[in-house]
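Down below is the structure, laid out as C-alpha cells.
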Amino acid sequence: MKRICRGCKSEMPDQVLLSYKNMPKSAQFFPDETEVKAEKGVDITLYQCPYCGLIQAVGEPVSYYRDVIRATGVSEEMRVFREKQYQKWVEDYHLKNKKVIEIGCGVGEYMAMMETTDAQVSGIEHLSDSVEKGREQGHHIIKYFIEDENARIPEAPYDGFYCMNFLEHIPEPGVFLRGIAANSSDGAVGLIEVPNFDMMLEKALYSEFIQDHLSYFTKETLCGVLEQNGFEVISCESIWYDYILSAVIRKRKQIDVSRFLESNDILKSQMNEFLQEQKKAGKRVAVWGAGHQALANLSLLNMADKIEYVVDSAKFKQDKYTPATHIPIVAPERLAKNEVQMVIIMAAGYSNEVKQIMKKKYPQIESVILTEEDIERGR
C-alpha cells in the first residue's frame, strides 16, 4: 500500500515500526451504558519516514482534530510557568503592542496568560462552543481553522503566533505550518510546542500513544518539519519535566538580492566608461576567459558589440561562439596577430596568471583585470 509521509510528503515503504492492538479510539470518547457493549478498541500502527524521520500513526484522524479540548482549568504551577515563559518571549522578540495569535486556543486558557504581557492577543478556534465561552470570558477569539496554505485568518497578518500541543493532532502538519506562515508578517516569530517523543523513547513510555496524536516529534524531526515549511528554528528545547518540546521559530525571510543588482549596475557603468575610453583612443578590445563568470559578464555588462573576440586556452571552446552574446572564441595565439590593443582579463582565479602570460608573450598589448568590484589597471 502506498503511504505518503505527513512531514516531507515522500512515499514511504510499507514497513510497520510499531503496532498496538485494542487501544482507545480517542482521548475524548467515553462510552456510556448504551454504547459500551458495541464499543471496540482500535489498532494504533506507527511508521517512520526513512527520509525525514518523522514517526506517524496511520489511520483517520479523530473526528474532532480541529478542536482544542483541554482539561478544565490550568494548574497553578503551569500558570506561573506560562506567564514567565510568555513574558520573556514577548520581551525577547519585541512583541509588545504587536499582534500575537494563538493557533488553536480552546476557550482561551493560554490566552489568559499571554494577555498578562503587553502583546495584542487574539486566538483562533474551530469548536463553536469553545469560541462562545472564550468570548464570554473576554478573549478575542475568531472561529477559524487553518485547512491549508491558502487559508487567510481575519485580521492577518500577525507579528507573532503560538501553538500549544496542537500540531501533533493535525493530519497534514506541513500544510498546516505553511498556512500559519501565510498569515504571518515577514520575520514573524512563533512558539510551537508538541509532546516530546525523545523523552518517550528514553523512558519507554508506551502508554503515551493515542490515536489523537498522528505525529510523534523528536527534536530533530520537529526542527525538520518547521524548516521544510517556511520557518527558521531559533531554538528548540525540552521543557516541563521533559514532557514538551518547545521551539521558537521565525518566518523565513526572502533573501535580499539587491546587492547583486547594485554590483551589476556599478560594474556596467565602469565597463561602459572604460570601453568608451578605448574606442576614443582607437584601441580594439578582446577578452581573455570563457568561463561561466566571463560569459555572464559579457551579457550583463552589455559588452557583446564592443569586443573583437574572446580568448580561451580550452581547445573545446575554440572556434565556437559565446552563448547569448555570440562572440568568436579563439586560441591565445591569435593575439600574436596584433589585431587588438587591449585585453580585458576575465579568468576569475586564474586572472593574475593570465596577466603574467600577457606580459611575457604579448607585451605589446595592454591588459586589465576585471574583478568582482572593478576594473584593475596598471598591474
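Following the order of the C-alpha cells, chains are lettered A, B, ..., residues in each are numbered from 1, and ligands are numbered from 1.
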Residue neighbourhood region 100-110 of chain A, 9 Å, only C-alpha atoms, exclusion window fewer than 5 positions, as a ChimeraX atom specification: /A:66-70,72-74,79,82-83,95,115,119-127,129-135,137,139-141,144-146,158-164,166,180,190
Output the selection as a PDB file, in the first residue's frame - C-alpha atoms for each residue.
```
ATOM      1  CA  ARG A  66      -9.717  20.643  14.511  1.00  0.00           C
ATOM      2  CA  ASP A  67     -10.932  21.387  18.033  1.00  0.00           C
ATOM      3  CA  VAL A  68      -8.757  22.143  21.039  1.00  0.00           C
ATOM      4  CA  ILE A  69     -10.111  20.336  24.079  1.00  0.00           C
ATOM      5  CA  ARG A  70      -8.173  20.824  27.284  1.00  0.00           C
ATOM      6  CA  THR A  72     -10.806  22.181  32.830  1.00  0.00           C
ATOM      7  CA  GLY A  73      -8.508  24.790  34.301  1.00  0.00           C
ATOM      8  CA  VAL A  74      -4.722  25.017  34.435  1.00  0.00           C
ATOM      9  CA  ARG A  79       0.067  29.155  35.094  1.00  0.00           C
ATOM     10  CA  ARG A  82       3.482  30.012  31.213  1.00  0.00           C
ATOM     11  CA  GLU A  83       3.247  33.614  32.348  1.00  0.00           C
ATOM     12  CA  LEU A  95       6.284  41.772  20.501  1.00  0.00           C
ATOM     13  CA  GLU A 115      -2.684  38.594  27.951  1.00  0.00           C
ATOM     14  CA  ALA A 119       1.051  41.940  23.289  1.00  0.00           C
ATOM     15  CA  GLN A 120      -2.265  42.369  21.452  1.00  0.00           C
ATOM     16  CA  VAL A 121      -3.590  38.823  21.825  1.00  0.00           C
ATOM     17  CA  SER A 122      -6.066  37.026  19.556  1.00  0.00           C
ATOM     18  CA  GLY A 123      -6.890  33.362  19.068  1.00  0.00           C
ATOM     19  CA  ILE A 124      -8.484  31.048  16.537  1.00  0.00           C
ATOM     20  CA  GLU A 125     -10.612  28.050  17.463  1.00  0.00           C
ATOM     21  CA  HIS A 126     -12.783  25.696  15.422  1.00  0.00           C
ATOM     22  CA  LEU A 127     -15.207  24.474  18.091  1.00  0.00           C
ATOM     23  CA  ASP A 129     -18.911  26.171  21.914  1.00  0.00           C
ATOM     24  CA  SER A 130     -15.319  26.990  22.917  1.00  0.00           C
ATOM     25  CA  VAL A 131     -15.366  30.183  20.857  1.00  0.00           C
ATOM     26  CA  GLU A 132     -18.515  31.339  22.611  1.00  0.00           C
ATOM     27  CA  LYS A 133     -17.224  30.510  26.083  1.00  0.00           C
ATOM     28  CA  GLY A 134     -13.893  32.175  25.403  1.00  0.00           C
ATOM     29  CA  ARG A 135     -15.559  35.340  24.172  1.00  0.00           C
ATOM     30  CA  GLN A 137     -14.513  35.426  29.318  1.00  0.00           C
ATOM     31  CA  HIS A 139     -10.909  36.881  24.938  1.00  0.00           C
ATOM     32  CA  HIS A 140     -10.715  37.973  21.320  1.00  0.00           C
ATOM     33  CA  ILE A 141     -11.351  34.631  19.609  1.00  0.00           C
ATOM     34  CA  TYR A 144     -11.417  29.558  12.273  1.00  0.00           C
ATOM     35  CA  PHE A 145      -9.229  26.610  11.354  1.00  0.00           C
ATOM     36  CA  ILE A 146      -6.240  26.578   9.018  1.00  0.00           C
ATOM     37  CA  TYR A 158       0.193  38.635  12.674  1.00  0.00           C
ATOM     38  CA  ASP A 159       3.586  39.575  14.120  1.00  0.00           C
ATOM     39  CA  GLY A 160       3.731  36.594  16.461  1.00  0.00           C
ATOM     40  CA  PHE A 161       1.945  33.278  16.920  1.00  0.00           C
ATOM     41  CA  TYR A 162       1.957  30.366  19.312  1.00  0.00           C
ATOM     42  CA  CYS A 163       0.548  26.849  19.085  1.00  0.00           C
ATOM     43  CA  MET A 164       0.418  24.718  22.216  1.00  0.00           C
ATOM     44  CA  PHE A 166      -1.858  21.020  18.718  1.00  0.00           C
ATOM     45  CA  ILE A 180       0.476  29.710   9.601  1.00  0.00           C
ATOM     46  CA  GLY A 190       6.409  31.842  16.667  1.00  0.00           C
TER      47      GLY A 190
END
```
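Using only C-alpha atoms, the protein and nucleic acid residues lying no more than 8 Å from Pro13 (chain A), apart from those fewer than 2 places from it along its own chain, are Lys2, Arg3, Glu11 and Gln15 of chain A.
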Residue selection dump (all heavy atoms) as a PDB file, in the first residue's frame:
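Output file again-v1.pdb follows:
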```
ATOM      1  N   LYS A   2       0.500   2.208  -0.811  1.00  0.00           N
ATOM      2  CA  LYS A   2       1.267   3.437  -0.922  1.00  0.00           C
ATOM      3  C   LYS A   2       0.994   4.329   0.284  1.00  0.00           C
ATOM      4  O   LYS A   2      -0.147   4.670   0.573  1.00  0.00           O
ATOM      5  CB  LYS A   2       0.888   4.160  -2.214  1.00  0.00           C
ATOM      6  CG  LYS A   2       1.684   5.424  -2.486  1.00  0.00           C
ATOM      7  CD  LYS A   2       1.269   6.022  -3.815  1.00  0.00           C
ATOM      8  CE  LYS A   2       2.055   7.283  -4.124  1.00  0.00           C
ATOM      9  NZ  LYS A   2       1.634   7.885  -5.413  1.00  0.00           N
ATOM     10  N   ARG A   3       2.050   4.724   1.005  1.00  0.00           N
ATOM     11  CA  ARG A   3       1.891   5.603   2.155  1.00  0.00           C
ATOM     12  C   ARG A   3       2.723   6.860   1.929  1.00  0.00           C
ATOM     13  O   ARG A   3       3.881   6.782   1.541  1.00  0.00           O
ATOM     14  CB  ARG A   3       2.330   4.911   3.439  1.00  0.00           C
ATOM     15  CG  ARG A   3       1.542   3.645   3.731  1.00  0.00           C
ATOM     16  CD  ARG A   3       1.754   3.168   5.154  1.00  0.00           C
ATOM     17  NE  ARG A   3       1.054   1.902   5.368  1.00  0.00           N
ATOM     18  CZ  ARG A   3      -0.246   1.801   5.623  1.00  0.00           C
ATOM     19  NH1 ARG A   3      -0.967   2.897   5.684  1.00  0.00           N
ATOM     20  NH2 ARG A   3      -0.812   0.625   5.807  1.00  0.00           N
ATOM     21  N   GLU A  11       7.017   9.224  -0.548  1.00  0.00           N
ATOM     22  CA  GLU A  11       6.377   7.918  -0.478  1.00  0.00           C
ATOM     23  C   GLU A  11       7.209   7.015   0.428  1.00  0.00           C
ATOM     24  O   GLU A  11       8.420   6.876   0.252  1.00  0.00           O
ATOM     25  CB  GLU A  11       6.247   7.312  -1.868  1.00  0.00           C
ATOM     26  CG  GLU A  11       5.496   5.995  -1.882  1.00  0.00           C
ATOM     27  CD  GLU A  11       5.259   5.457  -3.274  1.00  0.00           C
ATOM     28  OE1 GLU A  11       5.472   6.198  -4.255  1.00  0.00           O
ATOM     29  OE2 GLU A  11       4.874   4.269  -3.394  1.00  0.00           O
ATOM     30  N   GLN A  15       6.420  -0.479   5.857  1.00  0.00           N
ATOM     31  CA  GLN A  15       7.161  -1.203   6.896  1.00  0.00           C
ATOM     32  C   GLN A  15       6.726  -0.693   8.262  1.00  0.00           C
ATOM     33  O   GLN A  15       7.012   0.443   8.636  1.00  0.00           O
ATOM     34  CB  GLN A  15       8.664  -1.019   6.711  1.00  0.00           C
ATOM     35  CG  GLN A  15       9.501  -1.791   7.716  1.00  0.00           C
ATOM     36  CD  GLN A  15      10.982  -1.652   7.420  1.00  0.00           C
ATOM     37  OE1 GLN A  15      11.382  -1.112   6.397  1.00  0.00           O
ATOM     38  NE2 GLN A  15      11.799  -2.150   8.333  1.00  0.00           N
TER      39      GLN A  15
END
```
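Proximity to Lys40 (chain A) at 9 Å, evaluated using only C-alpha atoms and with sequence-adjacent residues fewer than 2 positions away removed, yields Asn22, Met23, Pro24, Lys25, Val36, Lys37, Ala38 and Val42 of chain A.
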Test item: residues at most 10 Å from region 239-256 of chain A, only C-alpha atoms, excluding those fewer than 6 positions along its chain, as a PyMOL selection string: chain A and resi 78+81+89+93+159-165+178+180-182+184-200+217-219+222-223+226-227+229-233
Residue set, region 145-334 of chain A restricted to strand (DSSP E), as number ranges by chain: A: 158-164, 184-195, 215-216, 231-239, 244-251, 285-288, 310-311, 329-330
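Nearest to Ala324 (chain A) of all the residues A:Lys283, A:His292, A:Arg6, A:Lys98 is A:His292, based on only C-alpha atoms.
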Which residue of A:Thr117, A:Ala347, A:Arg284, A:Glu273 approaches Gln85 (chain A) most closely, using only C-alpha atoms: A:Thr117
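Of the residues listed (A:Met342, A:Ala331, A:Ala151, A:Cys49), A:Met342 shows the shortest atom-to-atom separation from Ile307 (chain A); distances use only C-alpha atoms.
Backbone DSSP assigns alpha helix (DSSP H) in region 112-148 of chain A to A:Ala112, A:Met113, A:Met114, A:Ser128, A:Asp129, A:Ser130, A:Val131, A:Glu132, A:Lys133, A:Gly134, A:Arg135, A:Glu136.
The spacing separating CA of Lys361 (chain A) from CA of Val343 (chain A) amounts to 13.0 Å.
Nearest residue to Ile234 (chain A), choosing from A:Ala290, A:Asp92, A:Thr325, A:Tyr216 and counting only C-alpha atoms: A:Asp92.
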Give me the region 233-290 of chain A side of the contact with region 350-354 of chain A, cut-off 12 Å, one line per residue showing its nearest atom pair and distance in Å at one decimal, counting only C-alpha atoms, sorted by chain and residue number, as a tab-separated table.
```
residue	atom	partner	partner_atom	distance
A:Val287	CA	A:Val354	CA	11.3
A:Trp288	CA	A:Val354	CA	8.1
A:Gly289	CA	A:Ser351	CA	8.7
A:Ala290	CA	A:Tyr350	CA	11.8
```
Write the residues of the preceding selection, restricted to N, CA and C atoms, as a CSV table (one decimal), in the first residue's frame.
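Contents of the output file selection-v9.csv:
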```
chain,number,residue,atom,x,y,z
A,287,VAL,N,38.7,39.9,-25.0
A,287,VAL,CA,38.5,39.4,-23.6
A,287,VAL,C,39.2,38.1,-23.5
A,288,TRP,N,39.9,37.9,-22.4
A,288,TRP,CA,40.5,36.6,-22.1
A,288,TRP,C,39.7,35.9,-21.1
A,289,GLY,N,39.1,34.8,-21.4
A,289,GLY,CA,38.3,34.0,-20.5
A,289,GLY,C,36.9,33.7,-21.0
A,290,ALA,N,36.6,32.4,-21.1
A,290,ALA,CA,35.2,32.0,-21.5
A,290,ALA,C,34.6,31.0,-20.4
```
Selection near Ser269 (chain A), 12 Å with only C-alpha atoms, sequence-local residues under 2 positions removed, as a compact mmCIF listing (two decimals) with C-alpha atoms, in the first residue's frame:
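What landed in around_11.txt:
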```txt
# COMPACT_ATOMS: atom_id res chain seq x y z
CA GLU A 262 23.76 47.18 -7.34
CA SER A 263 27.06 45.44 -8.10
CA ASN A 264 25.98 44.75 -11.66
CA ASP A 265 24.95 48.38 -12.18
CA ILE A 266 28.29 49.68 -10.83
CA LEU A 267 30.39 47.36 -12.99
CA MET A 271 32.81 48.93 -18.15
CA ASN A 272 30.88 51.27 -20.40
CA GLU A 273 33.17 54.15 -19.44
CA PHE A 274 36.27 52.01 -19.94
CA LEU A 275 35.21 50.77 -23.38
CA GLN A 276 34.33 54.30 -24.46
CA LEU A 300 25.20 41.57 -18.20
CA LEU A 301 27.74 44.35 -18.84
CA ASN A 302 26.48 44.91 -22.42
CA MET A 303 29.84 44.10 -23.99
CA GLU A 373 34.33 45.00 -7.77
CA ASP A 374 36.04 46.98 -10.51
CA ILE A 375 38.49 47.08 -13.42
```
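For the choices A:Val368, A:Ala348, A:Val225, A:Leu18, the atom-to-atom distance to Val285 (chain A) is smallest for A:Val368 when using only C-alpha atoms.
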